[in-house]
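Okay, input-v3.csv is below, CSV, C-alpha atoms and all ligand atoms:
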```csv
chain,number,residue,atom,x,y,z
A,522,MET,CA,-0.5,11.6,-20.4
A,523,SER,CA,-2.6,11.8,-17.2
A,524,ILE,CA,-6.3,12.3,-17.2
A,525,PHE,CA,-5.9,14.4,-14.0
A,526,ARG,CA,-4.8,18.1,-14.0
A,527,ASP,CA,-1.1,18.2,-13.3
A,528,ASN,CA,-1.2,20.4,-10.3
A,529,ILE,CA,-4.1,18.9,-8.2
A,530,PHE,CA,-1.8,18.2,-5.3
A,531,GLU,CA,0.2,21.4,-5.4
A,532,GLY,CA,1.3,22.5,-1.9
A,533,ARG,CA,0.6,19.0,-0.5
A,534,VAL,CA,3.1,16.7,1.1
A,535,ALA,CA,2.7,13.0,0.9
A,536,LEU,CA,4.5,10.1,2.8
A,537,ILE,CA,4.3,6.8,1.0
A,538,THR,CA,5.5,3.7,2.8
A,539,GLY,CA,6.8,1.0,0.5
A,540,GLY,CA,7.3,3.9,-1.9
A,541,GLY,CA,10.6,2.6,-3.3
A,542,THR,CA,9.1,-0.3,-5.3
A,543,GLY,CA,6.0,-1.6,-7.0
A,544,ILE,CA,2.6,-0.1,-6.3
A,545,GLY,CA,3.9,2.3,-3.6
A,546,HIS,CA,6.4,3.6,-6.1
A,547,GLY,CA,3.7,4.1,-8.7
A,548,ILE,CA,1.6,6.1,-6.3
A,549,ALA,CA,4.5,8.2,-5.2
A,550,MET,CA,5.4,8.9,-8.8
A,551,ALA,CA,1.8,9.8,-9.6
A,552,LEU,CA,1.5,12.2,-6.6
A,553,ALA,CA,4.8,13.9,-7.4
A,554,GLY,CA,3.7,14.2,-11.0
A,555,HIS,CA,0.6,16.0,-9.9
A,556,GLY,CA,2.2,18.6,-7.7
A,557,ALA,CA,2.9,16.9,-4.4
A,558,GLN,CA,6.2,16.8,-2.6
A,559,VAL,CA,6.8,13.2,-1.6
A,560,ALA,CA,8.7,11.2,0.9
A,561,ILE,CA,9.1,7.5,0.5
A,562,LEU,CA,9.8,5.1,3.4
A,563,SER,CA,11.0,1.5,3.6
A,564,ARG,CA,13.8,-0.6,5.2
A,565,SER,CA,16.2,-0.6,2.3
A,566,ALA,CA,18.2,2.4,1.0
A,567,GLU,CA,18.9,0.2,-2.1
A,568,HIS,CA,15.3,0.4,-2.9
A,569,LEU,CA,14.7,4.0,-1.9
A,570,GLU,CA,17.6,5.9,-3.3
A,571,PRO,CA,17.2,5.0,-7.0
A,572,ALA,CA,13.5,5.4,-6.7
A,573,ALA,CA,13.9,8.9,-5.2
A,574,ARG,CA,16.2,9.9,-8.0
A,575,GLU,CA,13.8,8.5,-10.6
A,576,ILE,CA,10.9,10.4,-9.1
A,577,ALA,CA,12.9,13.6,-8.9
A,578,GLU,CA,14.1,13.2,-12.5
A,579,ALA,CA,10.7,12.4,-13.9
A,580,THR,CA,8.7,15.1,-12.0
A,581,GLY,CA,11.2,17.8,-11.3
A,582,ARG,CA,10.4,17.6,-7.6
A,583,ALA,CA,12.8,16.4,-4.9
A,584,CYS,CA,11.8,13.2,-3.2
A,585,LEU,CA,12.8,12.4,0.4
A,586,PRO,CA,14.0,8.8,1.0
A,587,LEU,CA,13.5,7.6,4.6
A,588,VAL,CA,15.0,4.4,5.8
A,589,ALA,CA,12.7,2.9,8.5
A,590,ASP,CA,10.9,-0.3,9.5
A,591,VAL,CA,7.2,0.3,9.9
A,592,ARG,CA,7.2,-2.3,12.7
A,593,ILE,CA,9.4,-0.1,14.9
A,594,PRO,CA,7.4,2.9,16.3
A,595,GLU,CA,10.5,4.9,17.2
A,596,GLN,CA,11.9,4.7,13.6
A,597,VAL,CA,8.4,5.6,12.2
A,598,GLU,CA,8.2,8.6,14.5
A,599,SER,CA,11.6,9.9,13.5
A,600,ALA,CA,10.8,9.5,9.9
A,601,VAL,CA,7.5,11.3,10.2
A,602,ALA,CA,9.3,14.1,12.2
A,603,ARG,CA,11.7,14.4,9.3
A,604,VAL,CA,8.9,14.8,6.8
A,605,VAL,CA,7.4,17.6,8.8
A,606,SER,CA,10.7,19.4,9.5
A,607,GLU,CA,12.2,19.0,6.0
A,608,LEU,CA,9.0,19.3,3.8
A,609,GLY,CA,7.0,21.6,6.2
A,610,ARG,CA,3.8,19.6,6.5
A,611,LEU,CA,2.2,16.2,6.0
A,612,ASP,CA,-1.1,16.0,4.2
A,613,ILE,CA,-1.3,12.5,2.8
A,614,VAL,CA,-0.1,9.2,4.2
A,615,VAL,CA,-0.2,6.1,1.9
A,616,ASN,CA,0.4,2.8,3.7
A,617,ALA,CA,1.6,0.5,1.0
A,618,ALA,CA,4.4,-1.3,2.9
A,619,ALA,CA,3.7,-5.0,3.2
A,620,GLY,CA,5.2,-8.5,3.2
A,621,ASN,CA,3.8,-11.6,1.8
A,622,PHE,CA,4.7,-15.1,0.6
A,623,LEU,CA,2.8,-18.2,-0.3
A,624,CYS,CA,2.7,-20.7,2.6
A,625,ALA,CA,0.1,-23.2,3.5
A,626,ALA,CA,-1.4,-22.7,7.0
A,627,ALA,CA,-0.1,-26.1,8.0
A,628,ASP,CA,3.5,-25.1,7.2
A,629,LEU,CA,3.3,-21.5,8.5
A,630,SER,CA,5.3,-20.8,11.7
A,631,TYR,CA,4.1,-18.6,14.6
A,632,ASN,CA,6.7,-16.0,13.5
A,633,GLY,CA,5.8,-16.2,9.8
A,634,PHE,CA,2.2,-15.3,10.7
A,635,GLY,CA,3.3,-12.6,13.2
A,636,THR,CA,5.8,-11.1,10.8
A,637,VAL,CA,3.2,-10.3,8.1
A,638,VAL,CA,0.6,-9.1,10.6
A,639,ASP,CA,3.3,-6.9,12.2
A,640,ILE,CA,4.3,-5.3,8.8
A,641,ASP,CA,0.9,-4.9,7.2
A,642,ALA,CA,-1.5,-4.3,10.1
A,643,LYS,CA,0.7,-3.0,13.0
A,644,GLY,CA,2.8,-1.1,10.5
A,645,THR,CA,-0.2,0.6,9.1
A,646,TRP,CA,-1.3,1.6,12.6
A,647,ASN,CA,2.2,2.7,13.6
A,648,VAL,CA,2.5,5.1,10.6
A,649,SER,CA,-1.1,6.3,10.9
A,650,LYS,CA,-0.6,7.0,14.7
A,651,ALA,CA,2.7,8.8,14.2
A,652,ALA,CA,1.3,10.9,11.4
A,653,TYR,CA,-1.8,11.7,13.5
A,654,THR,CA,0.3,12.9,16.4
A,655,ALA,CA,2.8,14.9,14.4
A,656,TRP,CA,0.4,16.6,11.9
A,657,LEU,CA,-3.0,15.1,10.9
A,658,GLY,CA,-4.6,15.3,14.3
A,659,SER,CA,-4.3,19.1,14.5
A,660,GLN,CA,-4.2,20.0,10.8
A,661,GLY,CA,-6.3,17.3,9.0
A,662,GLY,CA,-5.3,15.3,6.0
A,663,GLN,CA,-5.7,11.9,4.5
A,664,ILE,CA,-4.7,8.3,5.0
A,665,LEU,CA,-4.9,5.8,2.2
A,666,ASN,CA,-4.3,2.2,3.0
A,667,ILE,CA,-3.3,-0.5,0.4
A,668,SER,CA,-5.3,-3.6,1.3
A,669,ALA,CA,-6.1,-6.7,-0.8
A,670,THR,CA,-9.0,-8.9,-1.7
A,671,LEU,CA,-7.5,-12.2,-0.4
A,672,HIS,CA,-9.6,-12.2,2.8
A,673,TYR,CA,-13.0,-11.8,1.0
A,674,GLY,CA,-13.0,-15.6,0.8
A,675,GLY,CA,-10.7,-18.3,2.1
A,676,THR,CA,-7.6,-18.0,0.0
A,677,PRO,CA,-5.2,-20.9,0.0
A,678,ALA,CA,-1.7,-20.2,1.3
A,679,GLN,CA,-2.7,-16.7,2.3
A,680,LEU,CA,-3.8,-17.0,5.9
A,681,HIS,CA,-1.2,-14.6,7.3
A,682,VAL,CA,-1.9,-11.8,4.8
A,683,SER,CA,-5.6,-12.3,4.8
A,684,ALA,CA,-5.6,-11.8,8.6
A,685,ALA,CA,-3.4,-8.8,8.2
A,686,LYS,CA,-5.4,-7.1,5.5
A,687,ALA,CA,-8.7,-7.8,7.3
A,688,ALA,CA,-7.1,-5.8,10.1
A,689,VAL,CA,-6.1,-3.1,7.7
A,690,ASP,CA,-9.7,-2.9,6.5
A,691,ALA,CA,-10.9,-2.6,10.1
A,692,LEU,CA,-8.4,0.1,10.8
A,693,THR,CA,-9.6,2.0,7.7
A,694,LYS,CA,-13.2,2.0,8.9
A,695,ASN,CA,-12.6,2.7,12.5
A,696,LEU,CA,-10.2,5.6,11.9
A,697,ALA,CA,-12.6,7.0,9.3
A,698,VAL,CA,-15.2,7.2,11.9
A,699,GLU,CA,-13.0,8.4,14.8
A,700,TRP,CA,-10.8,10.8,12.9
A,701,GLY,CA,-13.3,12.0,10.2
A,702,PRO,CA,-14.7,14.8,12.4
A,703,GLN,CA,-11.1,16.2,12.7
A,704,GLY,CA,-10.8,16.6,8.9
A,705,ILE,CA,-9.1,13.4,8.2
A,706,ARG,CA,-10.3,11.2,5.4
A,707,VAL,CA,-9.3,7.5,5.6
A,708,ASN,CA,-9.9,5.1,2.8
A,709,ALA,CA,-8.3,2.0,1.3
A,710,ILE,CA,-7.7,0.5,-2.1
A,711,ALA,CA,-7.9,-3.3,-2.5
A,712,PRO,CA,-5.9,-4.3,-5.6
A,713,GLY,CA,-6.3,-7.6,-7.3
A,714,PRO,CA,-3.2,-9.1,-8.9
A,715,ILE,CA,-1.1,-6.4,-10.4
A,716,GLY,CA,1.4,-7.3,-13.1
A,717,ASP,CA,5.1,-6.5,-12.8
A,718,THR,CA,5.1,-6.4,-9.0
A,719,GLU,CA,6.8,-8.3,-6.3
A,720,GLY,CA,3.3,-9.3,-5.1
A,721,THR,CA,2.4,-11.2,-8.3
A,722,ARG,CA,6.0,-12.6,-8.7
A,723,ARG,CA,5.6,-14.2,-5.3
A,724,LEU,CA,1.9,-15.2,-5.4
A,725,LEU,CA,1.4,-16.2,-9.0
A,726,PRO,CA,4.6,-18.1,-10.0
A,727,GLY,CA,5.0,-19.7,-13.4
A,728,PRO,CA,1.9,-20.7,-15.3
A,729,ILE,CA,-0.5,-19.7,-12.4
A,730,ALA,CA,-0.3,-16.0,-13.5
A,731,GLY,CA,-1.7,-16.9,-16.9
A,732,GLN,CA,-4.4,-19.1,-15.4
A,733,VAL,CA,-5.5,-16.3,-13.0
A,734,GLU,CA,-5.4,-13.8,-15.8
A,735,ARG,CA,-7.8,-16.0,-17.8
A,736,ALA,CA,-10.1,-16.1,-14.7
A,737,ILE,CA,-10.3,-12.3,-14.4
A,738,PRO,CA,-13.5,-11.0,-15.9
A,739,VAL,CA,-11.7,-8.2,-17.8
A,740,ARG,CA,-9.1,-10.7,-18.9
A,741,ARG,CA,-6.0,-8.9,-17.8
A,742,LEU,CA,-3.9,-8.4,-14.8
A,743,GLY,CA,-4.1,-5.0,-13.1
A,744,ARG,CA,-1.4,-2.4,-13.8
A,745,ILE,CA,0.4,-0.2,-11.4
A,746,ASP,CA,-1.1,2.7,-13.1
A,747,ASP,CA,-4.6,1.4,-12.4
A,748,ILE,CA,-3.9,1.7,-8.7
A,749,ALA,CA,-2.0,5.0,-9.0
A,750,ASN,CA,-4.8,6.6,-10.9
A,751,LEU,CA,-7.4,5.3,-8.4
A,752,ALA,CA,-5.2,6.7,-5.6
A,753,LEU,CA,-5.1,10.1,-7.3
A,754,PHE,CA,-8.9,10.1,-7.5
A,755,VAL,CA,-9.5,8.9,-3.9
A,756,LEU,CA,-7.0,11.5,-2.5
A,757,SER,CA,-8.4,14.3,-4.7
A,758,GLU,CA,-11.2,16.8,-3.9
A,759,ALA,CA,-13.4,14.8,-6.3
A,760,ALA,CA,-13.6,12.2,-3.6
A,761,SER,CA,-14.1,14.5,-0.6
A,762,ASN,CA,-17.3,12.7,0.4
A,763,ILE,CA,-15.8,9.2,0.3
A,764,GLN,CA,-14.8,8.1,3.8
A,765,GLY,CA,-14.0,4.6,5.3
A,766,GLU,CA,-14.3,2.9,1.9
A,767,ILE,CA,-12.3,0.0,0.7
A,768,ILE,CA,-12.3,0.3,-3.1
A,769,VAL,CA,-11.6,-2.8,-5.1
A,770,SER,CA,-9.6,-2.6,-8.3
A,771,ASP,CA,-9.3,-6.2,-9.5
A,772,GLY,CA,-11.1,-6.5,-12.9
A,773,GLY,CA,-13.8,-8.5,-11.1
A,774,LEU,CA,-11.6,-11.3,-9.9
A,775,SER,CA,-12.9,-11.3,-6.3
A,776,LEU,CA,-16.4,-11.9,-7.6
A,777,THR,CA,-15.3,-15.2,-9.2
A,778,GLY,CA,-13.4,-17.2,-6.5
A,779,GLY,CA,-10.5,-17.1,-9.0
A,780,PHE,CA,-7.9,-17.2,-6.2
A,781,GLY,CA,-8.7,-20.8,-5.7
A,782,LEU,CA,-6.2,-21.4,-8.4
A,783,LEU,CA,-3.5,-20.7,-5.8
A,784,PHE,CA,-4.1,-24.3,-4.8
A,785,GLU,CA,-2.3,-25.2,-8.0
A,786,ALA,CA,0.7,-23.1,-6.9
A,787,MET,CA,0.9,-25.0,-3.6
A,788,LYS,CA,1.3,-28.4,-5.3
A,789,LYS,CA,4.8,-29.8,-5.0
A,790,PRO,CA,6.4,-30.4,-8.4
A,801,LIG,P1,6.6,-4.6,-3.1
A,801,LIG,O1,7.1,-3.8,-4.3
A,801,LIG,O2,7.4,-5.7,-2.5
A,801,LIG,O3,6.1,-3.5,-2.0
A,801,LIG,C1,6.2,-3.7,-0.6
A,801,LIG,C2,7.1,-2.6,-0.1
A,801,LIG,O4,7.0,-2.6,1.4
A,801,LIG,C3,8.5,-2.6,-0.5
A,801,LIG,O5,8.9,-1.4,-1.0
A,801,LIG,C4,9.3,-2.9,0.8
A,801,LIG,O6,10.5,-2.2,0.8
A,801,LIG,C5,8.3,-2.3,1.9
A,801,LIG,N1,8.4,-3.0,3.2
A,801,LIG,C6,8.3,-4.3,3.4
A,801,LIG,N2,8.5,-4.5,4.7
A,801,LIG,C7,8.7,-3.3,5.3
A,801,LIG,C8,8.9,-2.9,6.6
A,801,LIG,N3,8.9,-3.7,7.6
A,801,LIG,N4,9.1,-1.5,6.9
A,801,LIG,C9,9.0,-0.6,5.8
A,801,LIG,N5,8.8,-1.0,4.6
A,801,LIG,C10,8.6,-2.3,4.3
A,801,LIG,O7,5.2,-5.2,-3.5
A,801,LIG,P2,3.8,-4.7,-4.2
A,801,LIG,O8,3.3,-5.9,-4.9
A,801,LIG,O9,4.0,-3.5,-5.0
A,801,LIG,O10,2.9,-4.4,-3.0
A,801,LIG,C11,2.6,-3.1,-2.6
A,801,LIG,C12,1.3,-3.1,-1.7
A,801,LIG,O11,0.2,-3.6,-2.5
A,801,LIG,C13,1.3,-4.0,-0.5
A,801,LIG,O12,0.6,-3.4,0.5
A,801,LIG,C14,0.6,-5.3,-1.0
A,801,LIG,O13,0.0,-6.0,0.0
A,801,LIG,C15,-0.5,-4.6,-1.9
A,801,LIG,N6,-1.1,-5.5,-2.9
A,801,LIG,C16,-0.3,-5.9,-3.9
A,801,LIG,C17,-0.9,-6.7,-4.9
A,801,LIG,C18,-0.1,-7.1,-6.1
A,801,LIG,O14,-0.7,-7.8,-7.0
A,801,LIG,N7,1.1,-6.7,-6.3
A,801,LIG,C19,-2.2,-7.1,-4.8
A,801,LIG,C20,-2.9,-6.8,-3.6
A,801,LIG,C21,-2.3,-5.9,-2.7
A,801,LIG,P3,11.8,-2.6,1.6
A,801,LIG,O15,12.1,-4.0,1.2
A,801,LIG,O16,12.9,-1.6,1.2
A,801,LIG,O17,11.5,-2.5,3.1
A,802,LIG,N1,7.4,-19.4,3.6
A,802,LIG,C1,7.2,-19.6,4.9
A,802,LIG,N2,7.7,-18.9,5.9
A,802,LIG,C2,8.4,-17.8,5.6
A,802,LIG,C3,8.7,-17.5,4.2
A,802,LIG,C4,8.2,-18.3,3.2
A,802,LIG,N3,8.4,-18.0,1.9
A,802,LIG,N4,9.5,-16.4,4.2
A,802,LIG,C5,9.7,-16.0,5.5
A,802,LIG,N5,9.0,-16.9,6.3
A,802,LIG,C6,9.0,-16.9,7.8
A,802,LIG,C7,10.4,-17.1,8.3
A,802,LIG,O1,10.8,-18.5,8.3
A,802,LIG,C8,10.3,-16.5,9.7
A,802,LIG,O2,9.7,-17.4,10.6
A,802,LIG,P1,10.5,-18.3,11.6
A,802,LIG,O3,11.3,-17.4,12.5
A,802,LIG,O4,9.5,-19.1,12.4
A,802,LIG,O5,11.4,-19.2,10.8
A,802,LIG,C9,9.4,-15.4,9.5
A,802,LIG,O6,8.6,-15.6,8.3
A,802,LIG,C10,10.1,-14.0,9.4
A,802,LIG,O7,11.0,-14.2,8.3
A,802,LIG,P2,12.2,-13.1,8.1
A,802,LIG,O8,12.9,-13.5,6.8
A,802,LIG,O9,13.0,-13.0,9.4
A,802,LIG,O10,11.4,-11.8,8.0
A,802,LIG,P3,11.8,-10.3,7.5
A,802,LIG,O11,11.3,-9.4,8.5
A,802,LIG,O12,13.3,-10.3,7.2
A,802,LIG,O13,11.1,-10.2,6.1
A,802,LIG,C11,9.2,-11.0,4.9
A,802,LIG,C12,9.7,-10.1,6.0
A,802,LIG,C13,9.3,-12.5,5.3
A,802,LIG,C14,7.7,-10.7,4.7
A,802,LIG,C15,10.0,-10.8,3.5
A,802,LIG,O14,9.5,-11.7,2.5
A,802,LIG,C16,10.0,-9.4,3.0
A,802,LIG,O15,10.8,-8.6,3.4
A,802,LIG,N6,9.0,-9.0,2.1
A,802,LIG,C17,8.9,-7.7,1.6
A,802,LIG,C18,8.5,-7.7,0.1
A,802,LIG,C19,7.2,-8.4,-0.1
A,802,LIG,O16,6.8,-9.4,0.6
A,802,LIG,N7,6.5,-8.0,-1.2
A,802,LIG,C20,5.2,-8.5,-1.6
A,802,LIG,C21,4.2,-7.6,-1.0
A,802,LIG,S1,2.6,-8.2,-1.4
```
Rewrite the structure of this file - the entire thing - as structure tokens.
Ligand code: NAP
Ligand code: COA
Amino acid sequence: MSIFRDNIFEGRVALITGGGTGIGHGIAMALAGHGAQVAILSRSAEHLEPAAREIAEATGRACLPLVADVRIPEQVESAVARVVSELGRLDIVVNAAAGNFLCAAADLSYNGFGTVVDIDAKGTWNVSKAAYTAWLGSQGGQILNISATLHYGGTPAQLHVSAAKAAVDALTKNLAVEWGPQGIRVNAIAPGPIGDTEGTRRLLPGPIAGQVERAIPVRRLGRIDDIANLALFVLSEAASNIQGEIIVSDGGLSLTGGFGLLFEAMKKP
């Protein structure tokens, strides 16, 4: 049972990158469950098609799966064009697509760094730019970026994603200022570790997850629903004066330096 009215996004169309899995899927499901028509975009039809079916079955709304790589502007432009032509408009863009892995800076290759920056930072820009050109720039709307808290300090084995998410935060603030006068709200959510996601499976292997959980002030990992509910709020009219904010949902972990525990995860067995 949601605490939000079930039709608050009626008549809206949302595109969620990374919407086939994890946090992006949770946000897509929540938006569709509150009245929006949704499109989900990622590289793999194997992720998108079952997710689109699940969203349609759970919400009674068709969900448009779009295979594209956010690193390739032409693919992104075609996908955005399909949203506008098949769903009629594009009010909300959620940039949740990302890549990450644990790797000490000393072991990280040039291409390993570049790949994550390309997906997270350049991908966020590519999708935002294509959506701006196709719809948002003339009609207004919203962009919600999914960032992280890893770059608030120096997080071991996370140089690549820290650099990428710092760029996402910069994009969020700059676009909020430049595009705000055109009726576009741009904000970000910075999740801490969220249980039952690919992110925590990769970053907090084995006993590290339990140790990090014990370091979180609220003493639990985040849940996909925590982020989906926050997304509903930020994208709703209740947040119409929130612009260029990066809103943390991490149970207080980023206040504690708890990610230092990732040093443990880097130790060779
Ligand atoms: P996830 O399920 O692996 O989500 C990442 C998504 O991005 C996947 O659906 C993937 O789908 C898509 N993707 C990857 N590369 C892509 C590309 N080049 N083009 C298009 N789509 C691409 O992981 P998650 O943990 O839920 O993460 C979702 C978001 O939350 C990410 O932005 C992540 O940085 C952020 N976040 C997560 C956590 C956490 O604890 N989980 C914490 C902080 C921030 P395909 O493989 O089909 O392309
Ligand atoms: N440790 C160190 N380097 C790694 C790595 C790891 N675990 N995984 C990939 N890399 C490096 C590769 O070696 C390659 O660099 P190289 O050419 O110098 O060898 C570079 O990263 C690109 O790898 P590749 O597998 O070609 O990239 P891809 O575009 O197919 O996939 C990834 C992108 C690497 C981010 C992949 O993990 C992915 O698709 N992730 C999506 C899901 C995800 O990460 N979810 C969590 C989100 S928080």
Could you produce a table of the residues of chain A lying within 10 Å of ligand LIG 802 (chain A), with the nearest pair of atoms per residue and their separation in Å rounded to one decimal, using all atoms listed in the file, ordered by chain and increasing residue number, as CSV?
```
residue,atom,partner,partner_atom,distance
A:Gly539,CA,A:LIG802,C18,8.9
A:Thr542,CA,A:LIG802,N7,9.1
A:Gly543,CA,A:LIG802,N7,8.7
A:Ile544,CA,A:LIG802,C21,9.3
A:Ser563,CA,A:LIG802,C17,9.6
A:Arg564,CA,A:LIG802,O15,8.7
A:Ser565,CA,A:LIG802,O15,9.7
A:Asp590,CA,A:LIG802,O11,9.2
A:Arg592,CA,A:LIG802,O11,9.2
A:Ala617,CA,A:LIG802,C21,8.7
A:Ala618,CA,A:LIG802,C21,7.4
A:Ala619,CA,A:LIG802,C21,5.0
A:Gly620,CA,A:LIG802,O16,3.2
A:Asn621,CA,A:LIG802,O16,3.9
A:Phe622,CA,A:LIG802,N3,4.9
A:Leu623,CA,A:LIG802,N3,6.0
A:Cys624,CA,A:LIG802,N1,5.0
A:Ala625,CA,A:LIG802,C1,8.1
A:Ala626,CA,A:LIG802,C1,9.4
A:Asp628,CA,A:LIG802,C1,7.0
A:Leu629,CA,A:LIG802,C1,5.6
A:Ser630,CA,A:LIG802,O4,4.6
A:Tyr631,CA,A:LIG802,O4,5.9
A:Asn632,CA,A:LIG802,O4,4.3
A:Gly633,CA,A:LIG802,O6,3.2
A:Phe634,CA,A:LIG802,O6,6.8
A:Gly635,CA,A:LIG802,C9,7.7
A:Thr636,CA,A:LIG802,C10,5.4
A:Val637,CA,A:LIG802,C14,5.7
A:Val638,CA,A:LIG802,C14,9.4
A:Asp639,CA,A:LIG802,O11,9.2
A:Ile640,CA,A:LIG802,C14,7.6
A:Asp641,CA,A:LIG802,C21,9.2
A:Ile667,CA,A:LIG802,S1,9.9
A:Ser668,CA,A:LIG802,S1,9.5
A:Ala669,CA,A:LIG802,S1,8.8
A:Ala678,CA,A:LIG802,N1,9.4
A:His681,CA,A:LIG802,O6,9.9
A:Val682,CA,A:LIG802,S1,8.5
A:Pro714,CA,A:LIG802,S1,9.5
A:Ile715,CA,A:LIG802,S1,9.9
A:Thr718,CA,A:LIG802,C20,7.7
A:Glu719,CA,A:LIG802,C20,5.0
A:Gly720,CA,A:LIG802,S1,3.9
A:Thr721,CA,A:LIG802,S1,7.5
A:Arg722,CA,A:LIG802,C20,8.2
A:Arg723,CA,A:LIG802,C20,6.8
A:Leu724,CA,A:LIG802,S1,8.1
```
I need the residues from that last selection saved to file as a compact mmCIF listing (two decimals), in the coordinates of the input (with C-alpha atoms), if you can.
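Ended up saving to result.txt:
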```
# COMPACT_ATOMS: atom_id res chain seq x y z
CA GLY A 539 6.80 1.00 0.50
CA THR A 542 9.10 -0.30 -5.30
CA GLY A 543 6.00 -1.60 -7.00
CA ILE A 544 2.60 -0.10 -6.30
CA SER A 563 11.00 1.50 3.60
CA ARG A 564 13.80 -0.60 5.20
CA SER A 565 16.20 -0.60 2.30
CA ASP A 590 10.90 -0.30 9.50
CA ARG A 592 7.20 -2.30 12.70
CA ALA A 617 1.60 0.50 1.00
CA ALA A 618 4.40 -1.30 2.90
CA ALA A 619 3.70 -5.00 3.20
CA GLY A 620 5.20 -8.50 3.20
CA ASN A 621 3.80 -11.60 1.80
CA PHE A 622 4.70 -15.10 0.60
CA LEU A 623 2.80 -18.20 -0.30
CA CYS A 624 2.70 -20.70 2.60
CA ALA A 625 0.10 -23.20 3.50
CA ALA A 626 -1.40 -22.70 7.00
CA ASP A 628 3.50 -25.10 7.20
CA LEU A 629 3.30 -21.50 8.50
CA SER A 630 5.30 -20.80 11.70
CA TYR A 631 4.10 -18.60 14.60
CA ASN A 632 6.70 -16.00 13.50
CA GLY A 633 5.80 -16.20 9.80
CA PHE A 634 2.20 -15.30 10.70
CA GLY A 635 3.30 -12.60 13.20
CA THR A 636 5.80 -11.10 10.80
CA VAL A 637 3.20 -10.30 8.10
CA VAL A 638 0.60 -9.10 10.60
CA ASP A 639 3.30 -6.90 12.20
CA ILE A 640 4.30 -5.30 8.80
CA ASP A 641 0.90 -4.90 7.20
CA ILE A 667 -3.30 -0.50 0.40
CA SER A 668 -5.30 -3.60 1.30
CA ALA A 669 -6.10 -6.70 -0.80
CA ALA A 678 -1.70 -20.20 1.30
CA HIS A 681 -1.20 -14.60 7.30
CA VAL A 682 -1.90 -11.80 4.80
CA PRO A 714 -3.20 -9.10 -8.90
CA ILE A 715 -1.10 -6.40 -10.40
CA THR A 718 5.10 -6.40 -9.00
CA GLU A 719 6.80 -8.30 -6.30
CA GLY A 720 3.30 -9.30 -5.10
CA THR A 721 2.40 -11.20 -8.30
CA ARG A 722 6.00 -12.60 -8.70
CA ARG A 723 5.60 -14.20 -5.30
CA LEU A 724 1.90 -15.20 -5.40
```
Give me the residues within 8 Å of range 657-666 of chain A as a PDB file with C-alpha atoms, in the coordinates of the input, counting all atoms listed in the file and dropping any in the same chain fewer than 2 places off.
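part-v5.pdb, freshly written:
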```
ATOM      1  CA  LEU A 611       2.200  16.200   6.000  1.00  0.00           C
ATOM      2  CA  ASP A 612      -1.100  16.000   4.200  1.00  0.00           C
ATOM      3  CA  ILE A 613      -1.300  12.500   2.800  1.00  0.00           C
ATOM      4  CA  VAL A 614      -0.100   9.200   4.200  1.00  0.00           C
ATOM      5  CA  VAL A 615      -0.200   6.100   1.900  1.00  0.00           C
ATOM      6  CA  ASN A 616       0.400   2.800   3.700  1.00  0.00           C
ATOM      7  CA  ALA A 617       1.600   0.500   1.000  1.00  0.00           C
ATOM      8  CA  THR A 645      -0.200   0.600   9.100  1.00  0.00           C
ATOM      9  CA  SER A 649      -1.100   6.300  10.900  1.00  0.00           C
ATOM     10  CA  ALA A 652       1.300  10.900  11.400  1.00  0.00           C
ATOM     11  CA  TYR A 653      -1.800  11.700  13.500  1.00  0.00           C
ATOM     12  CA  THR A 654       0.300  12.900  16.400  1.00  0.00           C
ATOM     13  CA  ALA A 655       2.800  14.900  14.400  1.00  0.00           C
ATOM     14  CA  SER A 668      -5.300  -3.600   1.300  1.00  0.00           C
ATOM     15  CA  VAL A 689      -6.100  -3.100   7.700  1.00  0.00           C
ATOM     16  CA  THR A 693      -9.600   2.000   7.700  1.00  0.00           C
ATOM     17  CA  TRP A 700     -10.800  10.800  12.900  1.00  0.00           C
ATOM     18  CA  GLN A 703     -11.100  16.200  12.700  1.00  0.00           C
ATOM     19  CA  GLY A 704     -10.800  16.600   8.900  1.00  0.00           C
ATOM     20  CA  ILE A 705      -9.100  13.400   8.200  1.00  0.00           C
ATOM     21  CA  ARG A 706     -10.300  11.200   5.400  1.00  0.00           C
ATOM     22  CA  VAL A 707      -9.300   7.500   5.600  1.00  0.00           C
ATOM     23  CA  ASN A 708      -9.900   5.100   2.800  1.00  0.00           C
ATOM     24  CA  ALA A 709      -8.300   2.000   1.300  1.00  0.00           C
ATOM     25  CA  ILE A 710      -7.700   0.500  -2.100  1.00  0.00           C
ATOM     26  CA  ALA A 752      -5.200   6.700  -5.600  1.00  0.00           C
ATOM     27  CA  LEU A 756      -7.000  11.500  -2.500  1.00  0.00           C
TER      28      LEU A 756
END
```
With only C-alpha atoms and all ligand atoms as the basis for distance, which of A:Arg744, A:Arg610, A:Arg574, A:Arg533 is at the shortest distance from ligand LIG 801 (chain A)? A:Arg744
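Between Met522 in chain A and the candidates A:Gly547, A:Gly554, A:Gly743, A:Gly701, the tightest atom-to-atom separation, counting all atoms listed in the file, involves A:Gly554.
One finds CA of Ala573 in chain A at 12.7 Å from CA of Ile548 in chain A.
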Could you jot down the CA of Ala557 in chain A to CA of Val534 in chain A separation for me, Å, one decimal place?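 Between CA of Ala557 in chain A and CA of Val534 in chain A the gap works out to 5.5 Å.
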Quick one: residues within 9 Å of Ala553 in chain A, all atoms listed in the file, excluding same-chain residues fewer than 2 positions away - as a ChimeraX atom specification? /A:530,535,548-551,555-559,576-577,579-584
